[in-house]
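Text of the file upload_22.cif, holding mmCIF, C-alpha atoms, pLDDT in the B column; chains and numbers go by the auth columns:
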data_coords
loop_
_atom_site.group_PDB
_atom_site.id
_atom_site.type_symbol
_atom_site.label_atom_id
_atom_site.label_comp_id
_atom_site.label_asym_id
_atom_site.label_seq_id
_atom_site.Cartn_x
_atom_site.Cartn_y
_atom_site.Cartn_z
_atom_site.B_iso_or_equiv
_atom_site.auth_seq_id
_atom_site.auth_asym_id
ATOM 1 C CA MET A 1 29.215 -22.011 1.422 67.00 92 C
ATOM 2 C CA LEU A 2 25.707 -22.897 0.279 73.00 93 C
ATOM 3 C CA CYS A 3 23.038 -22.971 2.986 83.00 94 C
ATOM 4 C CA ILE A 4 19.958 -25.067 2.372 83.00 95 C
ATOM 5 C CA MET A 5 16.827 -24.705 4.465 85.00 96 C
ATOM 6 C CA ARG A 6 14.617 -27.742 4.781 88.00 97 C
ATOM 7 C CA THR A 7 10.920 -27.014 4.843 89.00 98 C
ATOM 8 C CA THR A 8 7.654 -28.871 4.507 92.00 99 C
ATOM 9 C CA ILE A 9 4.917 -27.852 2.087 91.00 100 C
ATOM 10 C CA SER A 10 1.425 -29.225 1.666 94.00 101 C
ATOM 11 C CA LEU A 11 0.111 -29.953 -1.829 94.00 102 C
ATOM 12 C CA ASP A 12 -3.226 -31.421 -2.776 95.00 103 C
ATOM 13 C CA ASP A 13 -3.011 -34.869 -4.382 96.00 104 C
ATOM 14 C CA GLN A 14 -3.607 -33.659 -7.939 96.00 105 C
ATOM 15 C CA LEU A 15 -0.924 -30.965 -7.735 96.00 106 C
ATOM 16 C CA ALA A 16 1.544 -33.358 -6.092 96.00 107 C
ATOM 17 C CA LYS A 17 1.073 -35.811 -9.002 97.00 108 C
ATOM 18 C CA GLN A 18 1.648 -33.030 -11.542 97.00 109 C
ATOM 19 C CA VAL A 19 4.782 -31.881 -9.715 96.00 110 C
ATOM 20 C CA ARG A 20 6.178 -35.441 -9.564 97.00 111 C
ATOM 21 C CA ARG A 21 5.506 -35.967 -13.283 97.00 112 C
ATOM 22 C CA ALA A 22 7.026 -32.627 -14.266 96.00 113 C
ATOM 23 C CA ALA A 23 10.099 -33.228 -12.085 96.00 114 C
ATOM 24 C CA GLU A 24 10.585 -36.666 -13.644 97.00 115 C
ATOM 25 C CA THR A 25 10.229 -35.220 -17.145 95.00 116 C
ATOM 26 C CA CYS A 26 12.930 -32.647 -16.348 95.00 117 C
ATOM 27 C CA GLY A 27 15.165 -35.260 -14.756 96.00 118 C
ATOM 28 C CA LEU A 28 15.062 -33.511 -11.378 96.00 119 C
ATOM 29 C CA SER A 29 14.094 -34.512 -7.887 95.00 120 C
ATOM 30 C CA VAL A 30 10.798 -33.095 -6.642 95.00 121 C
ATOM 31 C CA SER A 31 12.717 -30.824 -4.273 94.00 122 C
ATOM 32 C CA ALA A 32 15.021 -29.523 -7.030 94.00 123 C
ATOM 33 C CA PHE A 33 12.059 -29.048 -9.385 96.00 124 C
ATOM 34 C CA ILE A 34 10.100 -27.016 -6.816 95.00 125 C
ATOM 35 C CA ALA A 35 13.173 -24.923 -5.961 94.00 126 C
ATOM 36 C CA LYS A 36 13.852 -24.197 -9.658 95.00 127 C
ATOM 37 C CA THR A 37 10.202 -23.374 -10.350 95.00 128 C
ATOM 38 C CA LEU A 38 10.011 -20.969 -7.419 93.00 129 C
ATOM 39 C CA ASP A 39 13.316 -19.342 -8.371 92.00 130 C
ATOM 40 C CA ASP A 40 12.135 -18.842 -11.969 91.00 131 C
ATOM 41 C CA ALA A 41 8.794 -17.400 -10.814 88.00 132 C
ATOM 42 C CA LEU A 42 10.443 -14.944 -8.425 86.00 133 C
ATOM 43 C CA LYS A 43 12.942 -13.782 -11.044 85.00 134 C
ATOM 44 C CA ARG A 44 10.136 -13.286 -13.578 79.00 135 C
ATOM 45 C CA ARG A 45 8.134 -11.231 -11.057 71.00 136 C
ATOM 46 C CA GLU A 46 11.127 -8.989 -10.358 66.00 137 C
ATOM 47 C CA THR A 47 11.461 -8.115 -14.050 64.00 138 C
ATOM 48 C CA LEU A 48 7.770 -7.196 -14.337 65.00 139 C
ATOM 49 C CA GLU A 49 8.150 -4.085 -12.199 69.00 140 C
ATOM 50 C CA PRO A 50 7.459 -1.044 -14.361 75.00 141 C
ATOM 51 C CA PRO A 51 10.376 1.225 -15.183 76.00 142 C
ATOM 52 C CA PRO A 52 10.526 4.522 -13.304 83.00 143 C
ATOM 53 C CA PHE A 53 8.332 7.263 -14.744 83.00 144 C
ATOM 54 C CA HIS A 54 10.097 10.149 -16.478 79.00 145 C
ATOM 55 C CA LEU A 55 8.076 13.191 -17.514 76.00 146 C
ATOM 56 C CA VAL A 56 9.014 14.389 -20.966 74.00 147 C
ATOM 57 C CA THR A 57 8.318 18.051 -21.606 70.00 148 C
ATOM 58 C CA VAL A 58 8.370 19.838 -24.929 73.00 149 C
ATOM 59 C CA ARG A 59 9.389 23.323 -23.868 73.00 150 C
ATOM 60 C CA GLY A 60 10.058 25.142 -20.671 70.00 151 C
ATOM 61 C CA VAL A 61 10.017 23.922 -17.109 71.00 152 C
ATOM 62 C CA HIS A 62 6.640 25.253 -15.948 72.00 153 C
ATOM 63 C CA PRO A 63 3.063 24.714 -17.140 70.00 154 C
ATOM 64 C CA ARG A 64 1.320 27.323 -19.263 72.00 155 C
ATOM 65 C CA PRO A 65 0.246 30.435 -17.390 76.00 156 C
ATOM 66 C CA GLY A 66 -3.181 29.937 -15.841 73.00 157 C
ATOM 67 C CA VAL A 67 -2.897 26.126 -15.792 73.00 158 C
ATOM 68 C CA ASP A 68 -3.411 24.625 -12.335 75.00 159 C
ATOM 69 C CA LEU A 69 -2.090 21.064 -12.377 75.00 160 C
ATOM 70 C CA ASP A 70 -3.963 20.364 -9.140 80.00 161 C
ATOM 71 C CA ARG A 71 -7.247 20.806 -11.056 79.00 162 C
ATOM 72 C CA PRO A 72 -6.912 18.633 -14.193 76.00 163 C
ATOM 73 C CA ARG A 73 -10.671 18.694 -14.893 81.00 164 C
ATOM 74 C CA ALA A 74 -10.359 22.444 -15.459 78.00 165 C
ATOM 75 C CA LEU A 75 -8.103 21.637 -18.432 76.00 166 C
ATOM 76 C CA ASP A 76 -10.869 19.444 -19.876 81.00 167 C
ATOM 77 C CA ALA A 77 -13.355 22.278 -19.451 80.00 168 C
ATOM 78 C CA GLN A 78 -10.994 24.729 -21.164 76.00 169 C
ATOM 79 C CA ASP A 79 -10.494 22.322 -24.069 81.00 170 C
ATOM 80 C CA ASP A 80 -14.254 21.763 -24.400 83.00 171 C
ATOM 81 C CA GLU A 81 -14.949 25.504 -24.366 84.00 172 C
ATOM 82 C CA ALA A 82 -12.263 26.091 -26.997 83.00 173 C
ATOM 83 C CA ARG A 83 -13.623 23.299 -29.197 84.00 174 C
ATOM 84 C CA PHE A 84 -17.395 23.676 -28.724 85.00 175 C
ATOM 85 C CA GLY A 85 -17.853 27.228 -27.526 79.00 176 C
ATOM 86 C CA HIS A 86 -18.941 28.562 -24.136 70.00 177 C
ATOM 87 C CA GLY A 87 -21.515 26.381 -22.359 59.00 178 C
ATOM 88 C CA GLY A 88 -24.750 27.993 -23.647 55.00 179 C
ATOM 89 C CA ARG A 89 -27.475 25.478 -24.533 53.00 180 C
#
Would you encode the structure as C-alpha cells?
Amino acid sequence: MLCIMRTTISLDDQLAKQVRRAAETCGLSVSAFIAKTLDDALKRRETLEPPPFHLVTVRGVHPRPGVDLDRPRALDAQDDEARFGHGGR
C-alpha cells in the first residue's frame, strides 16, 4: 500500500513559475514534478558518496624499519636529506 504525505512548501514567485512551466513541459502535475525532481536529486546524492578506501601495499604488512607513520613530516625530511644532502647551508 502506497502512503502519500501531504505537505506545504513555500516557493518564491519566480521559482514557482519555473516549476509550473517545467511540470507542464514534462506532462506532470506540479506535485508529481516536485516529487520526481526531489527523488532524482536524492538518488544522485546517494551515488556521489566516495567508495571505501582500501590501502594497497607493495610488499609486507608493516612500514619500513624506522618509519613512524604518526610523524609523516619526518618522511619528507628524510627524502629531502637523501635528495639534497644533510641540512648544511
Using only the atoms of region 152-167 of chain C listed in the file, plus 4 Å on each side, state the axis-aligned box centre and edge lengths in Å rounded to one decimal, as JSON.
{"center_x": -0.4, "center_y": 24.5, "center_z": -14.5, "size_x": 28.9, "size_y": 19.8, "size_z": 18.7}
My list of candidates is C:Ala114, C:Asp159, C:Ala168, C:Lys108. Which is closest to Ala126 (chain C) when distances are computed with all atoms listed in the file?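 Counting all atoms listed in the file, the residue closest to Ala126 (chain C) is C:Ala114.
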From CA of Gly176 (chain C) to CA of Arg150 (chain C) the spacing works out at 27.8 Å
Checklist entry - So which residues touch Ala123 (chain C) within 12 Å, counting all atoms listed in the file, skipping near sequence neighbours fewer than 2 positions away, as an MDAnalysis selection string? => result chainID C and resid 95 97 110:111 113:115 117:121 125:130
If you measure from CA of Glu172 (chain C) to CA of Gly151 (chain C), what distance in Å do you get, rounded to one decimal?
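Result for CA of Glu172 (chain C) versus CA of Gly151 (chain C): 25.3 Å, one decimal.
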What separation in Å, quoted to one decimal, exists between CA of Arg135 (chain C) and CA of Ser101 (chain C)?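 CA of Ser101 (chain C) lies at a distance of 23.7 Å from CA of Arg135 (chain C).
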- Select, from C:Phe124, C:Ala165, C:Leu133, C:Cys94, the residue with the minimum atom-to-atom distance to Ala107 (chain C), counting all atoms listed in the file.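 Nearest candidate to Ala107 (chain C) out of C:Phe124, C:Ala165, C:Leu133, C:Cys94: C:Phe124.
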Would you mind putting N, CA, C and O atoms back on region 133-152 of chain C and writing the result as a short mmCIF file (atom, residue, chain, number, x, y, z; two decimals), in the frame of the given file?
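New file part.cif:
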data_model
loop_
_atom_site.label_atom_id
_atom_site.label_comp_id
_atom_site.auth_asym_id
_atom_site.auth_seq_id
_atom_site.Cartn_x
_atom_site.Cartn_y
_atom_site.Cartn_z
N LEU C 133 10.04 -16.16 -9.14
CA LEU C 133 10.44 -14.94 -8.43
C LEU C 133 11.28 -14.04 -9.31
O LEU C 133 11.13 -12.82 -9.27
N LYS C 134 12.15 -14.60 -10.12
CA LYS C 134 12.94 -13.78 -11.04
C LYS C 134 12.05 -13.11 -12.07
O LYS C 134 12.23 -11.96 -12.41
N ARG C 135 11.06 -13.84 -12.58
CA ARG C 135 10.14 -13.29 -13.58
C ARG C 135 9.34 -12.14 -12.97
O ARG C 135 9.12 -11.12 -13.60
N ARG C 136 8.91 -12.28 -11.71
CA ARG C 136 8.13 -11.23 -11.06
C ARG C 136 8.98 -9.98 -10.85
O ARG C 136 8.49 -8.86 -10.98
N GLU C 137 10.25 -10.14 -10.55
CA GLU C 137 11.13 -8.99 -10.36
C GLU C 137 11.27 -8.18 -11.64
O GLU C 137 11.35 -6.96 -11.60
N THR C 138 11.29 -8.83 -12.79
CA THR C 138 11.46 -8.12 -14.05
C THR C 138 10.16 -7.46 -14.52
O THR C 138 10.21 -6.65 -15.43
N LEU C 139 9.04 -7.78 -13.92
CA LEU C 139 7.77 -7.20 -14.34
C LEU C 139 7.50 -5.84 -13.72
O LEU C 139 6.52 -5.19 -14.05
N GLU C 140 8.35 -5.40 -12.81
CA GLU C 140 8.15 -4.08 -12.20
C GLU C 140 8.30 -3.02 -13.28
O GLU C 140 9.22 -3.07 -14.09
N PRO C 141 7.39 -2.07 -13.31
CA PRO C 141 7.46 -1.04 -14.36
C PRO C 141 8.69 -0.16 -14.18
O PRO C 141 9.15 0.05 -13.06
N PRO C 142 9.22 0.33 -15.29
CA PRO C 142 10.38 1.23 -15.18
C PRO C 142 9.95 2.53 -14.51
O PRO C 142 8.76 2.88 -14.51
N PRO C 143 10.89 3.25 -13.95
CA PRO C 143 10.53 4.52 -13.30
C PRO C 143 9.94 5.49 -14.33
O PRO C 143 10.32 5.47 -15.50
N PHE C 144 9.01 6.31 -13.87
CA PHE C 144 8.33 7.26 -14.74
C PHE C 144 9.20 8.51 -14.93
O PHE C 144 9.73 9.05 -13.97
N HIS C 145 9.37 8.92 -16.17
CA HIS C 145 10.10 10.15 -16.48
C HIS C 145 9.16 11.05 -17.29
O HIS C 145 8.67 10.65 -18.34
N LEU C 146 8.92 12.24 -16.81
CA LEU C 146 8.08 13.19 -17.51
C LEU C 146 8.88 13.85 -18.62
O LEU C 146 9.97 14.37 -18.38
N VAL C 147 8.36 13.77 -19.83
CA VAL C 147 9.01 14.39 -20.97
C VAL C 147 8.26 15.67 -21.29
O VAL C 147 7.06 15.63 -21.53
N THR C 148 8.95 16.78 -21.28
CA THR C 148 8.32 18.05 -21.61
C THR C 148 8.82 18.54 -22.95
O THR C 148 9.92 18.20 -23.38
N VAL C 149 7.99 19.34 -23.61
CA VAL C 149 8.37 19.84 -24.93
C VAL C 149 9.18 21.11 -24.82
O VAL C 149 10.24 21.23 -25.39
N ARG C 150 8.67 22.06 -24.04
CA ARG C 150 9.39 23.32 -23.87
C ARG C 150 9.21 23.79 -22.44
O ARG C 150 8.17 23.56 -21.82
N GLY C 151 10.18 24.50 -21.97
CA GLY C 151 10.06 25.14 -20.67
C GLY C 151 10.09 24.16 -19.51
O GLY C 151 10.20 22.96 -19.68
N VAL C 152 9.98 24.73 -18.32
CA VAL C 152 10.02 23.92 -17.11
C VAL C 152 8.75 24.09 -16.28
O VAL C 152 8.58 23.43 -15.28
#
